[in-house]
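Report on the following structure.
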Amino acid sequence: MVNQLGNYSLYIALLISIFIIIKTSLSFRNSSNVLSGNIFSLISVQSLMVIISFLTLIYAFVTSDFSNETVYNNSHTTKPLFYKISGTWGNHEGSLLLWLLVLTIFLFLFVIDSKNLSQRYRTFALFFQEIIIFGFLLFILFTSNPFANIFPIPSEGTGLNPILQDPALAIHPPILYLGYVGTSIIFSSALGAIISGSINKSWASHIKRWVLISWVFLSIGILLGSIWAYYELGWGGFWFWDPVENVSLMPWLCLTALLHTVFTLEKRGTFQSWAIILSITTFSLSMSGTFLVRSGILNSIHTFANDPSRGVFILCFLFVLIFISIFIYFFYQKSITADSTKTFLVSKETAVLINNLFMMFFLSVVLIGTVYPIFLEVINDKKISIGPPFYHKLIIPFLIPFLFFMAIGPNIKWIKDKMGKINLKDIFIFIISIVISYIFVNKFGVSYLLSLPLFIFSLFLFFVTIRDFFGKNINISQKISHFGFSLLILSILLNGVLAKEHSSNMRVGDEIKFLDKIIQFQNIEVIKKQNYQTLIGKFNIVDENNSLSLKPEIRIYDQPQTITSEADISSTIFSDNFLVFNIIKNDGFYNVRYQIKPFMIWIWISVLLISLGGILSLKKKNV
Amino acid sequence: MSKNIKLISIVLFALFSFFILLKGLDKSNTYSPSIDKNKIDFNFKSKYLFSEKEVFLNELLKDEGMTLINIWASWCLPCKDEHAYLLKLKSLNNLNIIGINYKDNENNAKQFLSELGNPYTNIITDPNGINSIELGAFGVPETYLIENKSKLIIKKFIGPLDDKSFIQLTKIIQ
């Protein structure tokens, strides 16, 4: 009964969508005031309908209504309430409904937010956004309806994959989606702006907010995914260059470039083409990400769709949008008129341009690494996988000059600056960085690819950004983000270089010496929890001064029956002690992996700092 | 002119990507661990469910005719659904059906059979699931029809048996 409510509200939303598309396309010729109360109230009703259907689905999950097929497939009565709710978007159908929910709410906010801009621009932006909403509604209703019924009603559901039962992962999809879907607004708005010929400073300062919002959510979403991989997957790493991770990184790189472009456009009125192309690309990448992850082309934990027709639908929809945007861009390209102000080689504009080029380079590396195996398999029937060495070799050499430009770029003035300004302080900082890096690299015998220059330049950026905090008239949000980035690179470097790992098979009562520490396996405790049974191992790590007790778990879930390993991690400011154990056979031996991961917590902190910069920038009226 | 060339090349490239991805969708994304997908190595030893004795899977196959191998577990709901088909197959053709009890608690498995009936000629256990993976299984339930002489898999059913697969099976067997 309640199930039907959700279903029908989606149909009403679909009808509204068709109506708005027709109404707006009729008003293209005579740019009359279509955005009067009429359309606005329709958009509000549409958002309301989608909200209702989303709440209905949550209700079905909470009450374990197994007449709903989605609930039956992904929930179970014994699951804790928190995971019943997060189970709503932990599956294909529900996650699409969440996409749609964010799409409509963002459109609603966008229409309110763009009140002061030209009617023509708003009409076009609304038109394109409604097309996206329409596509998603069709997709949901006809290929993956979350409100499908089953009869007879089963007494019990089949459960949620236990690996997904984790707090970080429960909020990871919604946050990431806010970022992804935010790019749809940027896309529609960019197309609207190019058709109505209003790519100017006021458009830039309007769209800047949306770029920042998407960027902040995307950053935090990626961070949460990474934290989840670190704690739950038990591999002890935070980034694996897995295609699914890459797919979220690509729009982020593009969005970062767009962010800088939009700032420049707002200040100087240049880079219009960059802004448009980047807006289109960012959204296409978000959509392709959804396609790659969901369709099952990539083999991953995120794959829900086993029905090929779903993949075909998203693919066609994606390419229709891409073709529309390509043609619109080429058709209206002449309407882009750059402000005639001259810029010189040594200027902030050049620095932003360099940043964009680097971002595009990183983007192409990640894109090729992700897509090449798929293409190769289709054309050649060969299976290959591209691992971290590929990315490291291609990205690190370019990261070095990138860090350098990031250090000096923000201090260059707009329009024109003098070369001779490089002062003694910069050189002094640079020399200090060289000395510290040299001592460090020699002391620890680091023989990593280009480690010395990488250390030098990340330290240089680190010191320069710290010094800049004490300057006059500083752009605090930009400084925090750049400082966060240097901290990120430094922590990743130190983490990679100083990490120690030991893995062995142990029985209860065994002791193993590792470096200057002794790992003691004391005992195992079995505890029954609500929907799983857990084996808690008690380990002691003893060194000269103190002893640290770690309690990793092996969980055996009943519905569906799965075994997961929960690492126990003790974090301090300087390093993480990471311990995970696995059952090997039934003869009492466990595989125990102990890792010391220095500066792990700083990786999370630095990403938070980067995002904080974005949030602060959002609060400011004028950057 | 150069603008048109740009447009055309971008469009062609996009079309190319589109068709590659479209073709990629048809590819099955499941991997089989054995190199020869049709023949499996039956040479592993496992314990019977109803006794403490161990046996090689090979010994359970007869010399002539066909054998049905069914991987199941008492905790798996779809296994319950397909159980009726297995019972029917048993009574219809007096088929040699070998059950592999996958990652299960033995008491639960015995209870399951006493409630729903036992279609199997023999049942062996696979407590950690390794043997089933060696057979090329992805999960439960899975059913293989095997020709005893050549030890080739004639037909493979991933997921529970249903009306359609039941008709297919009876046709092949007869």
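Following the order of the structure tokens, chains are lettered A, B, ..., residues in each are numbered from 1, and ligands are numbered from 1.
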
What are the closest atom pairs, with distances in Å to one decimal, for all residues of chain B lying within 12 Å of chain A? Consider only C-alpha atoms, order rows by chain and residue number, and present the result as JSON lines.
```
{"residue": "B:Ser2", "atom": "CA", "partner": "A:Phe330", "partner_atom": "CA", "distance": 11.7}
{"residue": "B:Lys3", "atom": "CA", "partner": "A:Phe330", "partner_atom": "CA", "distance": 7.9}
{"residue": "B:Asn4", "atom": "CA", "partner": "A:Phe330", "partner_atom": "CA", "distance": 8.7}
{"residue": "B:Ile5", "atom": "CA", "partner": "A:Phe330", "partner_atom": "CA", "distance": 11.2}
{"residue": "B:Lys6", "atom": "CA", "partner": "A:Phe330", "partner_atom": "CA", "distance": 9.2}
{"residue": "B:Leu7", "atom": "CA", "partner": "A:Phe330", "partner_atom": "CA", "distance": 7.1}
{"residue": "B:Ile8", "atom": "CA", "partner": "A:Phe327", "partner_atom": "CA", "distance": 10.2}
{"residue": "B:Ser9", "atom": "CA", "partner": "A:Ile326", "partner_atom": "CA", "distance": 11.3}
{"residue": "B:Ile10", "atom": "CA", "partner": "A:Ile326", "partner_atom": "CA", "distance": 8.2}
{"residue": "B:Val11", "atom": "CA", "partner": "A:Phe323", "partner_atom": "CA", "distance": 7.3}
{"residue": "B:Leu12", "atom": "CA", "partner": "A:Phe323", "partner_atom": "CA", "distance": 10.6}
{"residue": "B:Phe13", "atom": "CA", "partner": "A:Phe323", "partner_atom": "CA", "distance": 11.1}
{"residue": "B:Ala14", "atom": "CA", "partner": "A:Phe319", "partner_atom": "CA", "distance": 7.8}
{"residue": "B:Leu15", "atom": "CA", "partner": "A:Phe319", "partner_atom": "CA", "distance": 8.3}
{"residue": "B:Phe16", "atom": "CA", "partner": "A:Phe375", "partner_atom": "CA", "distance": 10.3}
{"residue": "B:Ser17", "atom": "CA", "partner": "A:Phe375", "partner_atom": "CA", "distance": 8.4}
{"residue": "B:Phe18", "atom": "CA", "partner": "A:Phe319", "partner_atom": "CA", "distance": 7.1}
{"residue": "B:Phe19", "atom": "CA", "partner": "A:Leu315", "partner_atom": "CA", "distance": 9.7}
{"residue": "B:Ile20", "atom": "CA", "partner": "A:Phe375", "partner_atom": "CA", "distance": 6.4}
{"residue": "B:Leu21", "atom": "CA", "partner": "A:Phe375", "partner_atom": "CA", "distance": 7.6}
{"residue": "B:Leu22", "atom": "CA", "partner": "A:Val312", "partner_atom": "CA", "distance": 6.7}
{"residue": "B:Lys23", "atom": "CA", "partner": "A:Val378", "partner_atom": "CA", "distance": 6.8}
{"residue": "B:Gly24", "atom": "CA", "partner": "A:Val378", "partner_atom": "CA", "distance": 5.7}
{"residue": "B:Leu25", "atom": "CA", "partner": "A:Ile297", "partner_atom": "CA", "distance": 5.9}
{"residue": "B:Asp26", "atom": "CA", "partner": "A:Pro308", "partner_atom": "CA", "distance": 7.2}
{"residue": "B:Lys27", "atom": "CA", "partner": "A:Val378", "partner_atom": "CA", "distance": 7.9}
{"residue": "B:Ser28", "atom": "CA", "partner": "A:Ile297", "partner_atom": "CA", "distance": 8.5}
{"residue": "B:Asn29", "atom": "CA", "partner": "A:Asn299", "partner_atom": "CA", "distance": 6.6}
{"residue": "B:Thr30", "atom": "CA", "partner": "A:Asn299", "partner_atom": "CA", "distance": 8.3}
{"residue": "B:Tyr31", "atom": "CA", "partner": "A:Asn299", "partner_atom": "CA", "distance": 10.0}
{"residue": "B:Ala73", "atom": "CA", "partner": "A:Gln561", "partner_atom": "CA", "distance": 10.4}
{"residue": "B:Ser74", "atom": "CA", "partner": "A:Gln561", "partner_atom": "CA", "distance": 10.8}
{"residue": "B:Trp75", "atom": "CA", "partner": "A:Gln561", "partner_atom": "CA", "distance": 7.6}
{"residue": "B:Cys76", "atom": "CA", "partner": "A:Pro560", "partner_atom": "CA", "distance": 8.0}
{"residue": "B:Leu77", "atom": "CA", "partner": "A:Thr158", "partner_atom": "CA", "distance": 7.7}
{"residue": "B:Pro78", "atom": "CA", "partner": "A:Thr158", "partner_atom": "CA", "distance": 9.7}
{"residue": "B:Asp81", "atom": "CA", "partner": "A:Pro154", "partner_atom": "CA", "distance": 11.8}
{"residue": "B:Tyr102", "atom": "CA", "partner": "A:Gln561", "partner_atom": "CA", "distance": 11.0}
{"residue": "B:Lys103", "atom": "CA", "partner": "A:Gln561", "partner_atom": "CA", "distance": 8.8}
{"residue": "B:Asp104", "atom": "CA", "partner": "A:Gln561", "partner_atom": "CA", "distance": 9.4}
{"residue": "B:Asn105", "atom": "CA", "partner": "A:Gln561", "partner_atom": "CA", "distance": 11.3}
{"residue": "B:Pro127", "atom": "CA", "partner": "A:Asn586", "partner_atom": "CA", "distance": 9.7}
{"residue": "B:Asn128", "atom": "CA", "partner": "A:Lys585", "partner_atom": "CA", "distance": 8.2}
{"residue": "B:Gly129", "atom": "CA", "partner": "A:Lys585", "partner_atom": "CA", "distance": 11.5}
{"residue": "B:Ile130", "atom": "CA", "partner": "A:Lys585", "partner_atom": "CA", "distance": 10.9}
{"residue": "B:Gly139", "atom": "CA", "partner": "A:Gln561", "partner_atom": "CA", "distance": 11.2}
{"residue": "B:Val140", "atom": "CA", "partner": "A:Gln561", "partner_atom": "CA", "distance": 11.1}
```

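The shell of residues at most 12 Å from Leu608 in chain A, with only C-alpha atoms counted and near chain neighbours (fewer than 2 positions) removed, consists of A:Val216, A:Phe217, A:Leu218, A:Ser219, A:Ile220, A:Gly221, A:Ile222, A:Leu223, A:Leu224, A:Ile480, A:Ser481, A:His482, A:Phe483, A:Gly484, A:Phe485, A:Leu487, A:Leu488, A:Ile601, A:Trp602, A:Ile603, A:Trp604, A:Ile605, A:Ser606, A:Ile610, A:Ser611, A:Leu612, A:Gly613, A:Gly614, A:Ile615.
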
Would you mind writing down, as a ChimeraX atom specification, each residue of range 13-168 of chain B that DSSP on the backbone assigns to alpha helix (DSSP H)?
/B:13-26,57-60,77-93,106-116,130-135,163-168

Considering only C-alpha atoms, state which residue in the set A:Ile277, A:Ile58, A:Val365, A:Ile563 is at the smallest distance from Pro146 in chain A.
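Looking only at the distances to Pro146 in chain A, the closest residue turns out to be A:Ile58.
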
To one decimal in Å, tell me the separation between CA of Ile400 in chain A and CA of Trp274 in chain A.
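Atom-to-atom, CA of Ile400 in chain A to CA of Trp274 in chain A, that is 24.2 Å.
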
Range 142-153 of chain B surroundings by only C-alpha atoms, 10 Å radius, close-in-sequence under 2 positions cut, as an MDAnalysis selection string:
chainID B and resid 37:42 58 60:72 79 97:100 132 135:140 155:161 169 172:173

Next, write the just-selected residues to a file, as a compact mmCIF listing (two decimals), in the first residue's frame, keeping N, CA and C atoms as the atom set.
```
# COMPACT_ATOMS: atom_id res chain seq x y z
N LYS B 37 37.43 -24.72 -19.19
CA LYS B 37 36.20 -24.45 -18.48
C LYS B 37 35.23 -25.62 -18.48
N ASN B 38 35.40 -26.53 -19.44
CA ASN B 38 34.41 -27.58 -19.56
C ASN B 38 34.74 -28.82 -18.76
N LYS B 39 35.98 -28.94 -18.39
CA LYS B 39 36.37 -30.15 -17.69
C LYS B 39 36.89 -29.73 -16.33
N ILE B 40 36.54 -30.50 -15.32
CA ILE B 40 37.04 -30.12 -14.02
C ILE B 40 37.82 -31.23 -13.37
N ASP B 41 38.67 -30.84 -12.50
CA ASP B 41 39.49 -31.78 -11.78
C ASP B 41 38.69 -32.25 -10.57
N PHE B 42 38.26 -33.50 -10.61
CA PHE B 42 37.44 -33.98 -9.52
C PHE B 42 38.26 -34.58 -8.38
N ASN B 58 35.81 -38.33 -7.40
CA ASN B 58 35.87 -39.24 -8.54
C ASN B 58 35.18 -40.56 -8.29
N LEU B 60 32.69 -41.21 -6.60
CA LEU B 60 31.23 -41.14 -6.53
C LEU B 60 30.58 -41.15 -7.91
N LEU B 61 31.37 -40.92 -8.95
CA LEU B 61 30.80 -40.92 -10.30
C LEU B 61 30.74 -42.36 -10.79
N LYS B 62 29.63 -42.70 -11.44
CA LYS B 62 29.54 -44.06 -12.00
C LYS B 62 30.27 -44.07 -13.34
N ASP B 63 30.39 -45.27 -13.92
CA ASP B 63 31.13 -45.36 -15.18
C ASP B 63 30.33 -44.91 -16.38
N GLU B 64 29.03 -45.15 -16.30
CA GLU B 64 28.19 -44.81 -17.44
C GLU B 64 27.19 -43.72 -17.04
N GLY B 65 26.56 -43.15 -18.01
CA GLY B 65 25.46 -42.22 -17.74
C GLY B 65 25.92 -40.85 -17.27
N MET B 66 25.07 -40.20 -16.56
CA MET B 66 25.35 -38.82 -16.17
C MET B 66 25.20 -38.61 -14.67
N THR B 67 25.85 -37.60 -14.18
CA THR B 67 25.77 -37.27 -12.77
C THR B 67 25.41 -35.80 -12.62
N LEU B 68 24.61 -35.51 -11.65
CA LEU B 68 24.27 -34.12 -11.37
C LEU B 68 24.98 -33.71 -10.08
N ILE B 69 25.78 -32.66 -10.15
CA ILE B 69 26.41 -32.15 -8.93
C ILE B 69 25.69 -30.89 -8.51
N ASN B 70 25.25 -30.84 -7.28
CA ASN B 70 24.50 -29.68 -6.81
C ASN B 70 25.19 -29.10 -5.57
N ILE B 71 25.53 -27.83 -5.65
CA ILE B 71 26.17 -27.17 -4.51
C ILE B 71 25.11 -26.43 -3.71
N TRP B 72 24.99 -26.72 -2.46
CA TRP B 72 23.87 -26.15 -1.67
C TRP B 72 24.31 -25.88 -0.24
N CYS B 79 18.20 -22.16 -2.27
CA CYS B 79 18.36 -23.61 -2.28
C CYS B 79 17.06 -24.29 -1.89
N ILE B 97 22.71 -38.09 -8.08
CA ILE B 97 22.86 -36.68 -7.69
C ILE B 97 23.82 -36.58 -6.52
N ILE B 98 24.87 -35.81 -6.70
CA ILE B 98 25.83 -35.62 -5.62
C ILE B 98 25.66 -34.22 -5.05
N GLY B 99 25.46 -34.13 -3.77
CA GLY B 99 25.32 -32.82 -3.15
C GLY B 99 26.64 -32.39 -2.55
N ILE B 100 27.00 -31.15 -2.75
CA ILE B 100 28.16 -30.61 -2.05
C ILE B 100 27.64 -29.58 -1.06
N SER B 132 34.52 -26.16 -3.77
CA SER B 132 33.52 -25.65 -4.70
C SER B 132 34.14 -24.61 -5.63
N LEU B 135 35.91 -26.24 -8.30
CA LEU B 135 34.99 -26.73 -9.32
C LEU B 135 34.55 -25.61 -10.26
N GLY B 136 34.80 -24.39 -9.88
CA GLY B 136 34.41 -23.27 -10.71
C GLY B 136 33.13 -22.61 -10.25
N ALA B 137 32.75 -22.84 -9.00
CA ALA B 137 31.49 -22.28 -8.52
C ALA B 137 31.67 -20.83 -8.07
N PHE B 138 30.62 -20.04 -8.21
CA PHE B 138 30.66 -18.65 -7.76
C PHE B 138 29.89 -18.47 -6.45
N GLY B 139 28.97 -19.39 -6.18
CA GLY B 139 28.17 -19.24 -4.98
C GLY B 139 27.18 -20.40 -4.91
N VAL B 140 26.21 -20.27 -4.03
CA VAL B 140 25.19 -21.31 -3.96
C VAL B 140 23.85 -20.73 -4.39
N LYS B 155 26.18 -29.26 -18.86
CA LYS B 155 25.34 -28.07 -18.64
C LYS B 155 25.63 -27.52 -17.25
N LYS B 156 25.62 -26.20 -17.16
CA LYS B 156 25.94 -25.54 -15.89
C LYS B 156 24.80 -24.59 -15.55
N PHE B 157 24.26 -24.68 -14.36
CA PHE B 157 23.20 -23.74 -13.96
C PHE B 157 23.70 -22.92 -12.78
N ILE B 158 23.85 -21.64 -12.98
CA ILE B 158 24.25 -20.78 -11.86
C ILE B 158 22.97 -20.21 -11.27
N GLY B 159 22.80 -20.37 -9.98
CA GLY B 159 21.56 -19.93 -9.34
C GLY B 159 20.58 -21.10 -9.28
N PRO B 160 19.42 -20.88 -8.63
CA PRO B 160 18.50 -21.98 -8.40
C PRO B 160 17.90 -22.53 -9.69
N LEU B 161 17.55 -23.81 -9.65
CA LEU B 161 16.85 -24.43 -10.79
C LEU B 161 15.42 -23.92 -10.82
N LEU B 169 16.94 -29.92 -18.37
CA LEU B 169 17.67 -31.02 -17.75
C LEU B 169 17.05 -32.36 -18.12
N ILE B 172 17.84 -33.37 -21.70
CA ILE B 172 19.21 -33.85 -21.91
C ILE B 172 19.36 -35.28 -21.36
N ILE B 173 18.79 -35.47 -20.17
CA ILE B 173 18.99 -36.77 -19.52
C ILE B 173 18.31 -37.89 -20.33
```
